[in-house]
Amino acid sequence: PCRCLRSTFDVVVVGAGIVGLAAARELIQRHPSLSFAVLEKEKELAHHQSGNNSGVIHSGIYYTPGSLKAKLCVQGAALCYQYCDQKGIPYKQCGKLIVAVEQDEIPRLRALYERGLQNNVPGLKLIGAKEIQAKEPFCRGLMALDSPYTGIVNYKQVAQSYAEDFQEAGGTILMDFEVTNMEMAKESSPGSEDGLKYPVIVRNKKGEEISCGHLLTCAGLYSDRLSEISGCSPEPRIVPFRGDYLVLKPEKCYLVKGNIYPVPNPRFPFLGFHFTPRMDGSVWLGPNAVLAFKREGYNLFDFSTGDFLDAVTYSGLWKLVLRNVSYGVGEMYRACSLSAQVKQLQRFIPEVTTNDVLRGPSGVRAQALDSDGKLVDDFVFDGGTGALGSRVLHVRNAPSPAATSSLAIAGMIAYEAKRRFEL
């Protein structure tokens with residue numbers, strides 16, 4: 001028995017993070033005659049990656065030209081601003097500087113500028129030391145890429161607004177519903193309409209079940225496990241990386257006006273330490289990137305035997321680790337040592353000292369990894385074969401900038417769902 005009035009739906013979305021909610025909202029708007037439900041294992045919406053990220057509206061500079069990430073980010077940022085304006089959700093278009101502090105970073109910065117232009121990012125320009133100081137009085141650098149279109153927003157608020165749109169259109173959201181099993185209904189008696197129309201049965205921990213016609217999974221940290229449960233491929237596997245942030249003490253927040261980022265090193269998978277102003281007026285610094293021993297392990301000592309074994313028995317992880325030993329060791333050292341983290345920050349803002357920072361919140365990034373140990377860079381959407389697999393669409397890899405891109409991703413998912421499920 002299910003706690004809602006009905007237990008059959010045309011389409012069920014698993015996962016009430018920002019991507020799941022955006023997709024559900026888009027689908028119900030395109031197909032108002034169908035019934036939709038969103039299932040979420042937590043007791044609140046946007047509880048994991050969507051509620052624990054840096055809150056940046058990315059402009060789309062970094063991503064490989066022509067990739068889904070590049071296209072959906074540029075499109076998604078424009079839609080995000082438009083949506084916030086429409087709904088009165090506060091945001092700040094505070095801009096971002098990607099700052100070169102060493103001579104050898106300048107060619108990489110110029111290459112990023114070219115890449116941003118190829119991706120049609122609006123308003124980009126290269127600026128010199130004087131202009132850096134005009135924008136960020138306490139920041140020093142030789143040259144910077146100025147992206148005025150980058151902004152900040154509270155994505156939890158955005159996700160909650162998507163949920164309201166979805167419910168107002170007649171959608172159902174079931175919280176505290178952790179999907180543990182899905183299967184095709186056994187052949188029903190010929191007279192039973194429902195068995196044919198809603199052949200997929202989804203069960204939760206408590207043994208409650210829901211029947212549906214088609215399934216969309218947007219499960220972030222659990223996307224590979226849900227795919228396995230549905231009989232689809234376990235690859236790419238998700239490996240969780242925890243990012244710990246520091247925060248500037250309130251009386252020091254005047255040091256930072258907009259986002260300040262380092263020039264990324266192409267040898268390493270993550271963006272490096274940055275300064276991120278928040279909607280509440282605070283400033284976050286970070287994050288680092290260390291392997292998390294639990295998929296939803298936000299604290300240093302969180303541990304799950306299953307998650308740990310899953311990660312360490314995966315050959316792809318060892319290939320990644322062996323390729324990045326020195327970087328990984330450095331990140332682990334920095335995770336434990338405040339002064340090592342502050343050293344990174346002082347390259348940009350020399351005035352920051354260890355006395356000016358406090359340990360802040362953490363997030364866990366669901367990073368898809370292939371069996372060669374390569375981080376899957378682009379968004380991945382796939383389904384499976386067979387009776388059940390052909391009725392499922394999985395969002396397999398949607399790390400950053402998925403929040404920025406959520407409305408654009410939702411449009412793409414809706415198109416894919418229509419094509420695959422013939423909605």
# chains A, B, ... in the order shown; residues from 1 in each chain; ligands from 1

$ closest_atom_pairs --of "range 184-296 of chain A" --to "range 361-366 of chain A" --cutoff "7 Å" --atoms "only C-alpha atoms" --output "tab-separated table"
residue	atom	partner	partner_atom	distance
A:Gly220	CA	A:Ala366	CA	5.9
A:Leu221	CA	A:Ala366	CA	4.8
A:Ile238	CA	A:Ala366	CA	5.9
A:Val239	CA	A:Ala366	CA	6.2
A:Pro240	CA	A:Ala366	CA	5.0
A:Phe241	CA	A:Arg365	CA	5.2
A:Arg242	CA	A:Val364	CA	4.3
A:Gly243	CA	A:Gly363	CA	5.3
A:Asp244	CA	A:Ser362	CA	4.3
A:Tyr245	CA	A:Pro361	CA	5.6
A:Glu296	CA	A:Val364	CA	6.6

$ write_last_selection --atoms "C-alpha atoms" --output "CSV table (one decimal), in the first residue's frame"
chain,number,residue,atom,x,y,z
A,220,GLY,CA,23.4,11.5,-8.4
A,221,LEU,CA,25.6,9.6,-5.9
A,238,ILE,CA,30.3,6.6,-9.3
A,239,VAL,CA,33.2,7.4,-7.1
A,240,PRO,CA,32.4,10.0,-4.4
A,241,PHE,CA,34.9,12.9,-3.8
A,242,ARG,CA,34.4,15.0,-0.8
A,243,GLY,CA,35.1,18.7,-1.0
A,244,ASP,CA,35.7,20.6,2.2
A,245,TYR,CA,35.2,24.4,2.3
A,296,GLU,CA,27.0,10.7,1.5

$ select_by_dssp --residues "range 41-93 of chain A" --states "alpha helix (DSSP H)" --output "list in words"
Leu68, Lys69, Ala70, Lys71, Leu72, Cys73, Val74, Gln75, Gly76, Ala77, Ala78, Leu79, Cys80, Tyr81, Gln82, Tyr83, Cys84, Asp85, Gln86 and Lys87 of chain A

$ closest_atom_pairs --of "range 97-185 of chain A" --to "range 332-352 of chain A" --cutoff "9 Å" --atoms "only C-alpha atoms" --output "JSON lines"
{"residue": "A:Val99", "atom": "CA", "partner": "A:Phe348", "partner_atom": "CA", "distance": 7.7}
{"residue": "A:Ala100", "atom": "CA", "partner": "A:Phe348", "partner_atom": "CA", "distance": 8.9}
{"residue": "A:Val101", "atom": "CA", "partner": "A:Arg347", "partner_atom": "CA", "distance": 7.0}
{"residue": "A:Phe138", "atom": "CA", "partner": "A:Ile349", "partner_atom": "CA", "distance": 5.8}
{"residue": "A:Cys139", "atom": "CA", "partner": "A:Ile349", "partner_atom": "CA", "distance": 4.8}
{"residue": "A:Arg140", "atom": "CA", "partner": "A:Phe348", "partner_atom": "CA", "distance": 5.5}
{"residue": "A:Gly141", "atom": "CA", "partner": "A:Phe348", "partner_atom": "CA", "distance": 6.7}

$ select_by_dssp --residues "range 54-204 of chain A" --states "strand (DSSP E)" --output "short mmCIF file (atom, residue, chain, number, x, y, z; two decimals) with C-alpha atoms, in the first residue's frame"
data_model
loop_
_atom_site.label_atom_id
_atom_site.label_comp_id
_atom_site.auth_asym_id
_atom_site.auth_seq_id
_atom_site.Cartn_x
_atom_site.Cartn_y
_atom_site.Cartn_z
CA VAL A 56 27.75 29.40 -8.61
CA ILE A 57 25.85 30.03 -11.84
CA TYR A 91 20.67 36.03 -7.28
CA LYS A 92 23.73 38.20 -7.81
CA LYS A 96 34.23 35.89 -11.89
CA LEU A 97 37.93 36.36 -12.48
CA ILE A 98 40.14 33.42 -13.45
CA VAL A 99 43.51 34.75 -12.35
CA ALA A 100 47.00 33.86 -13.61
CA LYS A 125 37.58 39.61 -21.81
CA LEU A 126 41.23 39.32 -20.80
CA ILE A 127 42.35 42.00 -18.34
CA GLY A 128 45.72 43.06 -16.89
CA MET A 143 46.38 38.64 -16.08
CA ALA A 144 42.82 37.45 -15.62
CA LEU A 145 39.89 36.23 -17.65
CA ASP A 146 36.91 38.36 -16.66
CA SER A 147 33.52 36.63 -16.91
CA GLY A 151 26.63 34.65 -10.80
CA ILE A 152 25.55 33.13 -7.51
CA VAL A 153 22.22 31.80 -6.29
CA THR A 172 3.10 13.99 -6.78
CA ILE A 173 6.26 14.03 -4.64
CA LEU A 174 6.83 11.15 -2.22
CA VAL A 179 13.94 2.70 -4.03
CA THR A 180 15.50 -0.70 -3.36
CA ASN A 181 14.02 -2.79 -6.12
CA MET A 182 12.38 -2.50 -9.53
CA GLU A 183 10.96 -5.22 -11.74
CA MET A 184 8.39 -5.97 -14.39
CA VAL A 200 7.08 -1.50 -13.92
CA ILE A 201 6.94 -2.07 -10.16
CA VAL A 202 9.14 0.07 -7.92
CA ARG A 203 9.56 -0.91 -4.27
CA ASN A 204 11.08 0.81 -1.29
#

$ closest_residue --among "A:Gln29, A:Thr217, A:Asn288, A:Gln160" --to "Gly15 in chain A" --atoms "only C-alpha atoms"
A:Thr217

$ closest_residue --among "A:Lys130, A:Lys43, A:Arg237, A:His274" --to "Gly286 in chain A" --atoms "only C-alpha atoms"
A:His274

$ residues_around --residues "Leu358 in chain A" --least-positions-apart "5" --cutoff "8 Å" --atoms "only C-alpha atoms" --output "PyMOL selection string"
chain A and resi 246-249

$ write_last_selection --atoms "N, CA and C atoms" --output "CSV table (one decimal), in the first residue's frame"
chain,number,residue,atom,x,y,z
A,246,LEU,N,36.5,26.1,3.4
A,246,LEU,CA,36.7,27.0,4.5
A,246,LEU,C,35.8,28.2,4.4
A,247,VAL,N,35.6,28.9,5.4
A,247,VAL,CA,34.8,30.2,5.3
A,247,VAL,C,35.7,31.3,5.8
A,248,LEU,N,35.5,32.5,5.2
A,248,LEU,CA,36.2,33.7,5.7
A,248,LEU,C,35.4,34.1,6.9
A,249,LYS,N,36.1,34.6,8.0
A,249,LYS,CA,35.4,35.2,9.1
A,249,LYS,C,34.7,36.4,8.6

$ closest_residue --among "A:Thr354, A:Asn265, A:Thr305, A:Asn52" --to "Asp104 in chain A" --atoms "only C-alpha atoms"
A:Asn265

$ closest_residue --among "A:Pro287, A:Gly383, A:Gly281, A:Gly328" --to "Ser227 in chain A" --atoms "only C-alpha atoms"
A:Gly383

$ closest_residue --among "A:Asp372, A:Glu331, A:Asp310, A:Asp280" --to "Gly55 in chain A" --atoms "only C-alpha atoms"
A:Asp280

$ closest_residue --among "A:Tyr298, A:Phe166, A:Tyr327, A:Tyr83" --to "Gly360 in chain A" --atoms "only C-alpha atoms"
A:Tyr298
